[in-house]
$ cat entry_37.cif   # mmCIF, C-alpha atoms (C1' of nucleotides)
data_query
loop_
_atom_site.label_atom_id
_atom_site.label_comp_id
_atom_site.auth_asym_id
_atom_site.auth_seq_id
_atom_site.Cartn_x
_atom_site.Cartn_y
_atom_site.Cartn_z
CA MET A 1 -4.86 22.06 -17.17
CA HIS A 2 -6.44 19.04 -18.81
CA GLY A 3 -6.44 15.51 -17.44
CA TYR A 4 -3.85 13.89 -19.64
CA GLU A 5 -1.29 16.60 -19.02
CA LEU A 6 -2.11 16.74 -15.33
CA ARG A 7 -1.37 13.07 -14.95
CA LYS A 8 1.96 13.42 -16.73
CA GLN A 9 2.97 16.24 -14.44
CA LEU A 10 1.85 14.39 -11.32
CA ASN A 11 3.67 11.24 -12.27
CA LEU A 12 6.77 13.26 -13.06
CA VAL A 13 6.89 14.98 -9.70
CA LEU A 14 5.33 12.34 -7.43
CA GLY A 15 6.00 9.40 -9.74
CA SER A 16 8.76 7.78 -7.74
CA PHE A 17 6.53 7.18 -4.77
CA ARG A 18 2.96 7.86 -5.92
CA ALA A 19 1.62 6.99 -9.36
CA LEU A 20 -1.86 7.59 -10.73
CA SER A 21 -3.83 5.90 -13.49
CA TYR A 22 -6.53 7.37 -15.73
CA GLY A 23 -9.04 5.03 -14.19
CA SER A 24 -8.76 6.94 -10.94
CA LEU A 25 -7.82 10.38 -12.24
CA TYR A 26 -10.83 11.08 -14.47
CA PRO A 27 -13.50 9.96 -11.99
CA CYS A 28 -11.66 12.00 -9.36
CA LEU A 29 -11.71 15.12 -11.51
CA ARG A 30 -15.42 14.73 -12.12
CA ALA A 31 -16.03 14.28 -8.40
CA LEU A 32 -14.10 17.46 -7.68
CA ALA A 33 -16.17 19.27 -10.32
CA ALA A 34 -19.38 17.90 -8.78
CA ARG A 35 -18.34 19.42 -5.46
CA GLY A 36 -17.78 22.75 -7.11
CA TRP A 37 -14.06 22.88 -6.36
CA ILE A 38 -13.06 22.88 -10.01
CA THR A 39 -14.78 23.73 -13.27
CA ALA A 40 -14.57 21.58 -16.39
CA ALA A 41 -14.60 23.49 -19.66
CA GLU A 42 -14.18 22.11 -23.16
CA SER A 43 -11.36 23.96 -24.79
CA PRO A 44 -10.70 24.29 -28.54
CA ASP A 45 -7.19 25.28 -27.48
CA ALA A 46 -4.85 24.85 -30.44
CA PRO A 47 -1.84 22.59 -29.89
CA PRO A 48 1.38 23.54 -31.76
CA HIS A 49 0.97 21.88 -35.15
CA ALA A 50 -2.77 21.51 -35.53
CA LEU A 51 -5.09 23.70 -37.54
CA ALA A 52 -8.21 22.16 -36.14
CA VAL A 53 -8.54 20.00 -33.02
CA LYS A 54 -11.59 17.79 -33.26
CA ARG A 55 -11.12 16.04 -29.97
CA ALA A 56 -11.86 18.75 -27.42
CA ARG A 57 -9.67 18.75 -24.39
CA ILE A 58 -11.32 19.40 -21.08
CA VAL A 59 -9.58 22.13 -19.18
CA TYR A 60 -10.02 22.12 -15.44
CA ARG A 61 -9.75 25.27 -13.38
CA LEU A 62 -9.89 25.88 -9.64
CA THR A 63 -12.99 27.76 -8.46
CA PRO A 64 -12.81 30.29 -5.60
CA GLU A 65 -14.45 27.63 -3.38
CA GLY A 66 -11.84 25.12 -4.49
CA ALA A 67 -9.02 27.55 -3.77
CA GLU A 68 -10.46 28.21 -0.32
CA HIS A 69 -10.80 24.48 0.36
CA LEU A 70 -7.23 23.91 -0.79
CA ARG A 71 -6.01 26.69 1.48
CA ALA A 72 -7.88 25.11 4.39
CA VAL A 73 -6.48 21.66 3.67
CA LEU A 74 -2.94 22.98 3.36
CA SER A 75 -3.18 24.76 6.71
CA SER A 76 -4.59 21.73 8.55
CA ALA A 77 -2.19 19.71 10.64
CA GLY A 78 -4.26 16.87 12.12
CA PRO A 79 -3.48 13.15 12.37
CA SER A 80 -4.34 12.42 8.76
CA SER A 81 -1.57 14.74 7.62
CA TRP A 82 1.13 12.59 9.21
CA GLU A 83 -0.18 9.11 8.55
CA ASP A 84 1.65 6.94 6.02
CA GLU A 85 -0.98 7.45 3.33
CA ASN A 86 -0.82 11.23 3.31
CA PHE A 87 2.44 12.41 4.78
CA ASP A 88 4.50 12.26 1.62
CA VAL A 89 1.96 14.20 -0.43
CA ARG A 90 1.59 16.78 2.31
CA PHE A 91 5.36 17.08 2.46
CA ALA A 92 5.61 17.50 -1.31
CA LEU A 93 3.24 20.46 -0.91
CA PHE A 94 5.28 22.10 1.87
CA GLY A 95 6.25 24.81 -0.62
CA ARG A 96 2.68 26.06 -0.35
CA THR A 97 2.31 25.39 3.36
CA ASP A 98 2.99 27.94 6.07
CA ALA A 99 5.84 27.46 8.51
CA GLU A 100 3.60 26.81 11.52
CA THR A 101 1.75 24.00 9.77
CA ARG A 102 4.96 22.50 8.38
CA LEU A 103 6.39 22.24 11.88
CA ARG A 104 3.22 20.70 13.33
CA ILE A 105 3.06 18.08 10.62
CA LEU A 106 6.71 17.17 11.04
CA GLU A 107 6.30 16.91 14.81
CA GLY A 108 3.13 14.84 14.44
CA ARG A 109 4.88 12.52 12.03
CA ARG A 110 7.80 12.18 14.41
CA THR A 111 5.53 11.32 17.33
CA ARG A 112 3.69 8.80 15.18
CA LEU A 113 6.93 7.08 14.18
CA THR A 114 8.34 6.94 17.70
CA GLU A 115 5.09 5.33 18.84
CA ARG A 116 5.50 2.74 16.10
CA LEU A 117 9.10 2.23 17.19
CA GLU A 118 7.87 1.34 20.67
CA THR A 119 5.35 -1.16 19.28
CA ILE A 120 7.97 -2.82 17.11
CA ARG A 121 10.52 -2.97 19.94
CA GLN A 122 7.95 -4.57 22.27
CA SER A 123 6.90 -7.28 19.83
CA PHE A 124 10.59 -7.76 19.11
CA GLN A 125 11.24 -8.48 22.79
CA ARG A 126 8.23 -10.78 23.16
CA THR A 127 8.89 -12.94 20.11
CA ARG A 128 12.68 -12.93 19.88
CA GLU A 129 12.99 -16.46 21.23
CA ARG A 130 10.53 -18.09 18.86
CA MET A 131 11.82 -16.56 15.63
CA ASP A 132 14.46 -17.73 13.19
CA GLU A 133 17.36 -15.58 12.05
CA TYR A 134 15.66 -14.34 8.87
CA THR A 135 12.49 -13.08 10.53
CA LEU A 136 14.68 -11.46 13.15
CA GLU A 137 16.84 -9.80 10.50
CA LEU A 138 13.74 -8.51 8.73
CA GLN A 139 12.43 -6.95 11.93
CA ARG A 140 15.83 -5.51 12.76
CA HIS A 141 16.02 -3.94 9.32
CA GLY A 142 12.50 -2.54 9.60
CA LEU A 143 13.35 -1.05 12.96
CA GLU A 144 16.47 0.57 11.52
CA GLN A 145 14.49 2.07 8.64
CA VAL A 146 12.03 3.72 11.01
CA GLU A 147 14.85 4.93 13.27
CA ARG A 148 16.52 6.51 10.27
CA GLU A 149 13.27 8.19 9.28
CA VAL A 150 13.00 9.70 12.76
CA ARG A 151 16.52 11.12 12.46
CA TRP A 152 15.59 12.56 9.07
CA LEU A 153 12.58 14.25 10.66
CA ASP A 154 14.76 15.57 13.47
CA ASP A 155 17.01 17.27 10.94
CA LEU A 156 14.02 18.74 9.14
CA ILE A 157 12.49 20.00 12.38
CA ASP A 158 15.79 21.58 13.37
CA HIS A 159 15.94 23.25 9.99
CA GLU A 160 12.37 24.54 10.27
CA ARG A 161 13.03 25.92 13.75
CA GLY A 162 16.25 27.49 12.52
CA THR A 163 14.66 29.30 9.62
CA ARG A 164 11.96 30.72 11.87
CA ARG A 165 14.40 32.34 14.31
CA ALA A 166 11.89 32.15 17.15
CA ARG A 167 10.88 29.90 20.04
CA ALA A 168 14.49 29.07 20.83
CA THR A 169 13.36 27.61 24.16
CA ASP A 170 10.78 25.34 22.62
CA VAL A 171 13.09 22.54 21.53
CA GLY A 172 11.84 19.17 22.69
CA ARG A 173 8.29 20.29 23.27
CA PRO A 174 5.71 17.69 22.14
CA ALA A 175 3.59 18.23 19.06
CA ASP A 176 0.79 20.25 20.74
CA VAL A 177 -1.83 19.80 18.05
CA ASP A 178 -5.56 20.21 18.38
CA PRO A 179 -7.14 17.01 17.01
CA ALA A 180 -10.22 18.97 16.00
CA GLU A 181 -8.19 20.62 13.28
CA ASP A 182 -8.33 17.37 11.40
CA ALA A 183 -11.98 17.97 10.57
CA LEU A 184 -10.59 19.62 7.47
CA ARG A 185 -8.69 16.60 6.36
CA PRO A 186 -7.76 16.14 2.70
CA GLY A 187 -9.46 12.73 2.53
CA PRO A 188 -10.56 10.95 -0.63
CA GLU A 189 -12.36 13.18 -3.10
CA LEU A 190 -13.73 10.28 -5.07
CA LYS A 191 -17.19 10.05 -3.57
CA GLU A 192 -20.08 10.84 -5.84
CA ARG A 193 -22.24 12.34 -3.13
CA GLY A 194 -21.89 15.91 -2.01
CA MET B 195 -4.59 -24.18 14.22
CA HIS B 196 -7.84 -22.23 14.28
CA GLY B 197 -8.45 -18.86 12.68
CA TYR B 198 -8.42 -16.62 15.71
CA GLU B 199 -5.16 -18.01 17.02
CA LEU B 200 -3.61 -18.01 13.55
CA ARG B 201 -4.29 -14.33 13.17
CA LYS B 202 -2.76 -13.55 16.53
CA GLN B 203 0.38 -15.45 15.61
CA LEU B 204 0.59 -13.82 12.19
CA ASN B 205 0.16 -10.33 13.57
CA LEU B 206 2.76 -11.06 16.23
CA VAL B 207 5.42 -12.18 13.78
CA LEU B 208 4.53 -10.12 10.71
CA GLY B 209 2.57 -7.46 12.54
CA SER B 210 5.08 -4.67 12.28
CA PHE B 211 4.92 -4.65 8.49
CA ARG B 212 1.91 -6.79 7.51
CA ALA B 213 -1.36 -6.94 9.42
CA LEU B 214 -4.43 -9.02 8.66
CA SER B 215 -8.09 -8.60 9.59
CA TYR B 216 -10.71 -11.28 10.10
CA GLY B 217 -12.60 -9.94 7.14
CA SER B 218 -9.84 -11.19 4.90
CA LEU B 219 -8.53 -14.09 6.95
CA TYR B 220 -11.69 -16.18 7.19
CA PRO B 221 -12.69 -15.93 3.51
CA CYS B 222 -9.08 -16.74 2.66
CA LEU B 223 -9.10 -19.86 4.83
CA ARG B 224 -12.31 -21.06 3.20
CA ALA B 225 -10.84 -20.43 -0.25
CA LEU B 226 -7.78 -22.48 0.66
CA ALA B 227 -10.06 -25.26 1.91
CA ALA B 228 -12.09 -25.08 -1.31
CA ARG B 229 -8.89 -25.65 -3.27
CA GLY B 230 -8.08 -28.67 -1.17
CA TRP B 231 -4.90 -27.23 0.31
CA ILE B 232 -6.21 -27.29 3.87
CA THR B 233 -8.98 -29.13 5.68
CA ALA B 234 -11.40 -27.46 8.06
CA ALA B 235 -12.53 -29.63 10.97
CA GLU B 236 -14.73 -28.64 13.88
CA SER B 237 -12.89 -29.41 17.05
CA PRO B 238 -14.37 -29.84 20.52
CA ASP B 239 -10.83 -29.24 21.71
CA ALA B 240 -10.91 -28.24 25.35
CA PRO B 241 -9.31 -24.91 26.16
CA PRO B 242 -7.57 -24.67 29.56
CA HIS B 243 -10.40 -23.66 31.85
CA ALA B 244 -13.49 -24.94 30.08
CA LEU B 245 -15.44 -28.08 30.87
CA ALA B 246 -17.57 -27.84 27.79
CA VAL B 247 -16.97 -25.66 24.74
CA LYS B 248 -20.21 -24.91 22.97
CA ARG B 249 -18.71 -22.72 20.30
CA ALA B 250 -16.76 -25.16 18.18
CA ARG B 251 -13.44 -23.92 16.98
CA ILE B 252 -12.51 -24.78 13.43
CA VAL B 253 -9.10 -26.35 13.24
CA TYR B 254 -7.33 -26.07 9.91
CA ARG B 255 -4.74 -28.58 8.79
CA LEU B 256 -2.51 -28.73 5.74
CA THR B 257 -3.37 -31.51 3.29
CA PRO B 258 -0.65 -33.40 1.37
CA GLU B 259 -1.65 -31.35 -1.70
CA GLY B 260 -1.35 -28.16 0.34
CA ALA B 261 2.06 -29.18 1.61
CA GLU B 262 3.19 -29.89 -1.93
CA HIS B 263 1.86 -26.56 -3.15
CA LEU B 264 3.58 -24.78 -0.29
CA ARG B 265 6.84 -26.52 -1.12
CA ALA B 266 6.49 -25.47 -4.77
CA VAL B 267 5.74 -21.86 -3.83
CA LEU B 268 8.67 -21.71 -1.43
CA SER B 269 11.07 -23.01 -4.08
CA SER B 270 9.88 -20.58 -6.77
CA ALA B 271 12.00 -17.51 -7.41
CA GLY B 272 10.20 -15.56 -10.14
CA PRO B 273 9.48 -11.83 -10.38
CA SER B 274 6.54 -11.96 -7.99
CA SER B 275 8.84 -13.13 -5.22
CA TRP B 276 10.87 -9.93 -5.28
CA GLU B 277 8.18 -7.33 -5.92
CA ASP B 278 7.27 -4.96 -3.10
CA GLU B 279 4.03 -6.77 -2.32
CA ASN B 280 5.60 -10.17 -1.72
CA PHE B 281 9.27 -9.80 -0.93
CA ASP B 282 8.95 -9.24 2.79
CA VAL B 283 6.69 -12.24 3.28
CA ARG B 284 8.97 -14.43 1.17
CA PHE B 285 11.93 -13.21 3.20
CA ALA B 286 10.17 -13.96 6.47
CA LEU B 287 9.81 -17.55 5.20
CA PHE B 288 13.49 -17.90 4.28
CA GLY B 289 13.86 -20.29 7.19
CA ARG B 290 11.87 -22.80 5.15
CA THR B 291 13.43 -21.86 1.81
CA ASP B 292 16.45 -23.60 0.30
CA ALA B 293 19.71 -21.73 -0.17
CA GLU B 294 19.51 -21.67 -3.98
CA THR B 295 16.08 -20.02 -3.94
CA ARG B 296 17.06 -17.58 -1.21
CA LEU B 297 19.97 -16.34 -3.30
CA ARG B 298 17.87 -15.98 -6.44
CA ILE B 299 15.19 -13.99 -4.66
CA LEU B 300 17.75 -11.69 -3.08
CA GLU B 301 19.47 -11.14 -6.43
CA GLY B 302 16.14 -10.54 -8.15
CA ARG B 303 15.16 -8.04 -5.50
CA ARG B 304 18.49 -6.28 -5.86
CA THR B 305 18.13 -6.03 -9.64
CA ARG B 306 14.60 -4.70 -9.22
CA LEU B 307 15.75 -2.01 -6.81
CA THR B 308 18.69 -0.88 -8.92
CA GLU B 309 16.31 -0.54 -11.87
CA ARG B 310 14.09 1.64 -9.71
CA LEU B 311 17.13 3.64 -8.66
CA GLU B 312 17.82 4.43 -12.31
CA THR B 313 14.24 5.55 -12.90
CA ILE B 314 14.28 7.82 -9.87
CA ARG B 315 17.66 9.30 -10.77
CA GLN B 316 16.48 10.08 -14.30
CA SER B 317 13.30 11.84 -13.23
CA PHE B 318 15.41 13.60 -10.62
CA GLN B 319 17.66 14.97 -13.35
CA ARG B 320 14.80 15.97 -15.62
CA THR B 321 12.72 17.80 -13.03
CA ARG B 322 15.35 19.23 -10.71
CA GLU B 323 14.97 22.77 -12.06
CA ARG B 324 11.22 22.99 -11.72
CA MET B 325 10.93 21.68 -8.18
CA ASP B 326 11.01 23.45 -4.85
CA GLU B 327 13.34 22.48 -2.03
CA TYR B 328 10.82 20.27 -0.23
CA THR B 329 9.91 18.11 -3.21
CA LEU B 330 13.61 17.81 -3.93
CA GLU B 331 14.35 16.80 -0.35
CA LEU B 332 11.59 14.19 -0.48
CA GLN B 333 13.02 12.66 -3.62
CA ARG B 334 16.56 12.78 -2.22
CA HIS B 335 15.38 10.98 0.89
CA GLY B 336 13.49 8.38 -1.15
CA LEU B 337 16.58 7.78 -3.23
CA GLU B 338 18.68 7.33 -0.11
CA GLN B 339 16.22 4.82 1.34
CA VAL B 340 16.40 2.66 -1.78
CA GLU B 341 20.19 2.94 -1.89
CA ARG B 342 20.35 1.77 1.69
CA GLU B 343 18.08 -1.14 0.91
CA VAL B 344 20.40 -2.20 -1.91
CA ARG B 345 23.37 -2.17 0.47
CA TRP B 346 21.36 -4.26 2.92
CA LEU B 347 20.70 -6.79 0.16
CA ASP B 348 24.39 -6.78 -0.76
CA ASP B 349 25.28 -7.79 2.78
CA LEU B 350 22.66 -10.52 2.78
CA ILE B 351 23.85 -11.86 -0.58
CA ASP B 352 27.43 -11.90 0.67
CA HIS B 353 26.29 -13.78 3.73
CA GLU B 354 24.33 -16.30 1.66
CA ARG B 355 27.31 -16.88 -0.64
CA GLY B 356 29.57 -17.23 2.37
CA THR B 357 27.47 -19.86 4.08
CA ARG B 358 27.28 -21.94 0.92
CA ARG B 359 31.06 -22.29 0.49
CA ALA B 360 30.67 -22.86 -3.24
CA ARG B 361 30.68 -20.91 -6.52
CA ALA B 362 33.46 -18.66 -5.28
CA THR B 363 33.96 -17.39 -8.84
CA ASP B 364 30.33 -16.42 -9.25
CA VAL B 365 30.47 -13.10 -7.47
CA GLY B 366 28.94 -10.32 -9.53
CA ARG B 367 27.06 -12.59 -11.87
CA PRO B 368 23.53 -11.29 -12.64
CA ALA B 369 20.46 -12.95 -11.27
CA ASP B 370 20.10 -15.65 -13.96
CA VAL B 371 16.52 -16.56 -13.32
CA ASP B 372 14.14 -18.35 -15.62
CA PRO B 373 10.98 -16.20 -15.77
CA ALA B 374 8.92 -19.33 -16.41
CA GLU B 375 9.56 -20.36 -12.84
CA ASP B 376 7.10 -17.73 -11.79
CA ALA B 377 4.23 -19.82 -13.05
CA LEU B 378 4.17 -21.13 -9.50
CA ARG B 379 3.72 -17.77 -7.93
CA PRO B 380 2.06 -17.47 -4.52
CA GLY B 381 -0.54 -15.00 -5.79
CA PRO B 382 -3.82 -14.24 -4.07
CA GLU B 383 -5.65 -17.28 -2.77
CA LEU B 384 -8.86 -15.43 -2.22
CA LYS B 385 -10.71 -16.35 -5.38
CA GLU B 386 -13.84 -18.39 -4.93
CA ARG B 387 -13.42 -20.36 -8.12
CA GLY B 388 -11.29 -23.46 -8.31
"C1'" DG C 389 0.11 3.90 -44.24
"C1'" DT C 390 1.18 2.22 -39.95
"C1'" DT C 391 2.92 2.90 -35.52
"C1'" DA C 392 3.20 5.93 -31.57
"C1'" DG C 393 1.29 9.36 -28.83
"C1'" DC C 394 -2.63 12.40 -27.38
"C1'" DA C 395 -7.04 12.49 -24.96
"C1'" DT C 396 -11.22 10.88 -22.53
"C1'" DG C 397 -13.68 7.63 -20.58
"C1'" DT C 398 -16.07 2.91 -18.62
"C1'" DA C 399 -16.41 -1.92 -16.58
"C1'" DA C 400 -14.69 -5.21 -13.99
"C1'" DG C 401 -11.97 -6.76 -10.63
"C1'" DG C 402 -8.42 -7.01 -6.79
"C1'" DA C 403 -7.19 -6.99 -2.23
"C1'" DG C 404 -8.18 -5.72 1.21
"C1'" DT C 405 -10.74 -2.76 5.50
"C1'" DT C 406 -14.40 -1.38 8.81
"C1'" DA C 407 -18.41 -2.23 11.05
"C1'" DC C 408 -21.55 -5.19 12.31
"C1'" DA C 409 -23.89 -9.64 14.04
"C1'" DT C 410 -23.67 -13.53 17.00
"C1'" DG C 411 -22.72 -15.91 20.97
"C1'" DA C 412 -19.88 -18.29 24.51
"C1'" DT C 413 -16.51 -17.67 28.40
"C1'" DT C 414 -13.53 -15.49 31.66
"C1'" DT C 415 -12.27 -11.74 34.49
"C1'" DT C 416 -13.32 -7.83 37.40
"C1'" DA D 417 -23.78 -7.88 36.57
"C1'" DA D 418 -20.63 -5.79 33.43
"C1'" DA D 419 -16.73 -5.83 30.63
"C1'" DA D 420 -13.17 -8.04 28.22
"C1'" DT D 421 -11.66 -11.75 25.39
"C1'" DC D 422 -12.46 -15.76 22.53
"C1'" DA D 423 -14.30 -17.18 18.12
"C1'" DT D 424 -16.55 -17.08 13.55
"C1'" DG D 425 -18.49 -14.89 10.08
"C1'" DT D 426 -20.96 -11.34 6.48
"C1'" DA D 427 -22.02 -6.89 3.99
"C1'" DA D 428 -20.71 -2.91 2.45
"C1'" DC D 429 -17.38 -0.10 1.19
"C1'" DT D 430 -12.60 1.90 -0.29
"C1'" DC D 431 -9.43 2.99 -3.34
"C1'" DC D 432 -7.21 1.79 -6.77
"C1'" DT D 433 -5.68 -1.00 -11.13
"C1'" DT D 434 -6.07 -3.30 -15.59
"C1'" DA D 435 -8.10 -3.75 -19.74
"C1'" DC D 436 -10.89 -2.13 -22.94
"C1'" DA D 437 -13.36 1.31 -26.22
"C1'" DT D 438 -13.01 5.37 -28.91
"C1'" DG D 439 -11.02 8.42 -32.07
"C1'" DC D 440 -7.88 11.95 -33.08
"C1'" DT D 441 -2.91 13.61 -34.62
"C1'" DA D 442 2.17 13.29 -35.36
"C1'" DA D 443 6.15 10.88 -36.88
"C1'" DC D 444 8.65 7.41 -39.41
#
$ encode --input "entry_37.cif" --output "structure tokens"
Amino acid sequence: MHGYELRKQLNLVLGSFRALSYGSLYPCLRALAARGWITAAESPDAPPHALAVKRARIVYRLTPEGAEHLRAVLSSAGPSSWEDENFDVRFALFGRTDAETRLRILEGRRTRLTERLETIRQSFQRTRERMDEYTLELQRHGLEQVEREVRWLDDLIDHERGTRRARATDVGRPADVDPAEDALRPGPELKERG
Amino acid sequence: MHGYELRKQLNLVLGSFRALSYGSLYPCLRALAARGWITAAESPDAPPHALAVKRARIVYRLTPEGAEHLRAVLSSAGPSSWEDENFDVRFALFGRTDAETRLRILEGRRTRLTERLETIRQSFQRTRERMDEYTLELQRHGLEQVEREVRWLDDLIDHERGTRRARATDVGRPADVDPAEDALRPGPELKERG
DNA sequence: GTTAGCATGTAAGGAGTTACATGATTTT
DNA sequence: AAAATCATGTAACTCCTTACATGCTAAC
């Protein structure tokens, strides 16, 4: 697929929560090519109504190394997969992620959010006296949002466990994730070195 | 107040949704001083247990110009006040904002979110066929979050209208905001020029 | 025949963060 | 004596955006 089309597709699927501009897409594609994960080939591919296309489109294709790296990233379930910056993208790719990894990411995300809940509740207790009604209401609303997100995750985890039809006794077990797995984190692919 | 203490206070009150590092706080304070909105004075102010404080703390104070600018910013209700980046901070300062401005910001925010709702719903309709269950679930959840936020705003707007005991016939009227008012937007105060 | 869309790309800037450097003071 | 906390600051870097430059093709 070439860059222009790729961006349209990405913004269509992820658009509501994750947009992307050309200024970051094209350098990113070149960085991926420099790492050998994709190849960039000029294509005289004919669009519907054109006899001759002067402006060559650059068609990007995944290399075997890229496919392997993608597979590794999709099967990793370390901290970076459940942080705010990455969780939604990882979730959007759950269709290509195995059940084990899906469950670990959901559990990691849940643990992360309950930790945050504790932090918020503590600062809520400490500062309640000194704050006006609006600041209080804002914090209350933020707390509620996170609580709701945890319940959403609970439903998803239940669903994942249900579809697996195994480990019926495992409910309530903590995440149990090896932090070392996060060595294969998706990370930014924008660096020029490599 | 001096920088170190200021940051502690800020992270205590806003910490759950807006943190701040020294790397941005100190340059920001100097930029504000350069604009004449605050003064920076070395203070040999004695902390509780010290007889002599060698390391002078820099105490920042609002100038009359700074106070006036702050007043102007707090009474502005343009687009920047209800965008994602600013709304929460503006809301946290509602205790120092007049009722008229509070209502306008809440209405502007509500309009902004309902617009977003439309965009999400449309892309939802267009792409529903091509997407797997997880992407769909993510979008459904995102939609629900925004819908909930709109209902939260509705409650707040009702409350604001209730406490004003005026304009009883105004319910349902659109935001009615002069875009020119946003000339006084809070914006980033980090620029060195000025 | 001009506007709109396709297609690739660069330069500059924005709004921060992390990591470091420095040094005093208080607690353990 | 070591470690934590107070206090200020800088350099480098991150990740992304906006605005621009270029030139084609399709639609009105």
$ closest_atom_pairs --input "entry_37.cif" --of "chain A" --to "chain C" --cutoff "12 Å" --atoms "all atoms listed in the file" --output "Markdown table"
| residue | atom | partner | partner_atom | distance |
| --- | --- | --- | --- | --- |
| A:His2 | CA | C:DA395 | C1' | 9.0 |
| A:Gly3 | CA | C:DA395 | C1' | 8.1 |
| A:Tyr4 | CA | C:DA395 | C1' | 6.4 |
| A:Glu5 | CA | C:DA395 | C1' | 9.2 |
| A:Leu6 | CA | C:DA395 | C1' | 11.6 |
| A:Arg7 | CA | C:DA395 | C1' | 11.5 |
| A:Lys8 | CA | C:DC394 | C1' | 11.6 |
| A:Tyr22 | CA | C:DG397 | C1' | 8.6 |
| A:Gly23 | CA | C:DG397 | C1' | 8.3 |
| A:Ser24 | CA | C:DG397 | C1' | 10.8 |
| A:Leu25 | CA | C:DG397 | C1' | 10.6 |
| A:Tyr26 | CA | C:DG397 | C1' | 7.6 |
| A:Pro27 | CA | C:DG397 | C1' | 8.9 |
| A:Leu29 | CA | C:DT396 | C1' | 11.8 |
| A:Arg30 | CA | C:DG397 | C1' | 11.2 |
| A:Glu42 | CA | C:DT396 | C1' | 11.6 |
| A:Pro47 | CA | C:DC394 | C1' | 10.5 |
| A:Val53 | CA | C:DA395 | C1' | 11.1 |
| A:Lys54 | CA | C:DA395 | C1' | 10.8 |
| A:Arg55 | CA | C:DA395 | C1' | 7.4 |
| A:Ala56 | CA | C:DA395 | C1' | 8.3 |
| A:Arg57 | CA | C:DA395 | C1' | 6.8 |
| A:Ile58 | CA | C:DT396 | C1' | 8.6 |
| A:Val59 | CA | C:DA395 | C1' | 11.5 |
$ interface_residues --input "entry_37.cif" --of "chain B" --to "chain A" --cutoff "9 Å" --atoms "all atoms listed in the file" --output "number ranges by chain"
B: 206-211, 282, 285-289, 310, 313-314, 317-318, 320-321, 325-333, 335-336, 339, 346
$ interface_residues --input "entry_37.cif" --of "chain D" --to "chain B" --cutoff "12 Å" --atoms "all atoms listed in the file" --output "number ranges by chain"
D: 421-428
$ write_last_selection --input "entry_37.cif" --atoms "C-alpha atoms (C1' of nucleotides)" --output "mmCIF file, in the frame of the given file"
data_model
loop_
_atom_site.group_PDB
_atom_site.id
_atom_site.type_symbol
_atom_site.label_atom_id
_atom_site.label_comp_id
_atom_site.auth_asym_id
_atom_site.auth_seq_id
_atom_site.Cartn_x
_atom_site.Cartn_y
_atom_site.Cartn_z
ATOM 1 C "C1'" DT D 421 -11.660 -11.750 25.390
ATOM 2 C "C1'" DC D 422 -12.460 -15.760 22.530
ATOM 3 C "C1'" DA D 423 -14.300 -17.180 18.120
ATOM 4 C "C1'" DT D 424 -16.550 -17.080 13.550
ATOM 5 C "C1'" DG D 425 -18.490 -14.890 10.080
ATOM 6 C "C1'" DT D 426 -20.960 -11.340 6.480
ATOM 7 C "C1'" DA D 427 -22.020 -6.890 3.990
ATOM 8 C "C1'" DA D 428 -20.710 -2.910 2.450
#
$ atom_distance --input "entry_37.cif" --atom1 "atom CA of Ile157 of chain A" --atom2 "atom CA of Thr101 of chain A"
11.8 Å
$ resolve_selection --input "entry_37.cif" --expression "the PyMOL selection byres ((chain A and resi 98) around 12)" --output "short mmCIF file (atom, residue, chain, number, x, y, z; two decimals) with C-alpha atoms, in the coordinates of the input"
data_model
loop_
_atom_site.label_atom_id
_atom_site.label_comp_id
_atom_site.auth_asym_id
_atom_site.auth_seq_id
_atom_site.Cartn_x
_atom_site.Cartn_y
_atom_site.Cartn_z
CA ARG A 71 -6.01 26.69 1.48
CA ALA A 72 -7.88 25.11 4.39
CA VAL A 73 -6.48 21.66 3.67
CA LEU A 74 -2.94 22.98 3.36
CA SER A 75 -3.18 24.76 6.71
CA SER A 76 -4.59 21.73 8.55
CA ALA A 77 -2.19 19.71 10.64
CA ARG A 90 1.59 16.78 2.31
CA PHE A 91 5.36 17.08 2.46
CA LEU A 93 3.24 20.46 -0.91
CA PHE A 94 5.28 22.10 1.87
CA GLY A 95 6.25 24.81 -0.62
CA ARG A 96 2.68 26.06 -0.35
CA THR A 97 2.31 25.39 3.36
CA ALA A 99 5.84 27.46 8.51
CA GLU A 100 3.60 26.81 11.52
CA THR A 101 1.75 24.00 9.77
CA ARG A 102 4.96 22.50 8.38
CA LEU A 103 6.39 22.24 11.88
CA ARG A 104 3.22 20.70 13.33
CA ILE A 105 3.06 18.08 10.62
CA GLU A 160 12.37 24.54 10.27
CA ARG A 164 11.96 30.72 11.87
#
$ atom_distance --input "entry_37.cif" --atom1 "atom CA of Cys28 of chain A" --atom2 "atom CA of Arg61 of chain A"
14.0 Å
$ atom_distance --input "entry_37.cif" --atom1 "atom CA of His263 of chain B" --atom2 "atom CA of Gly302 of chain B"
22.0 Å
$ resolve_selection --input "entry_37.cif" --expression "the PyMOL selection byres ((chain A and resi 83) around 12)" --output "MDAnalysis selection string"
chainID A and resid 77:82 84:91 105:113 116 182 185:187
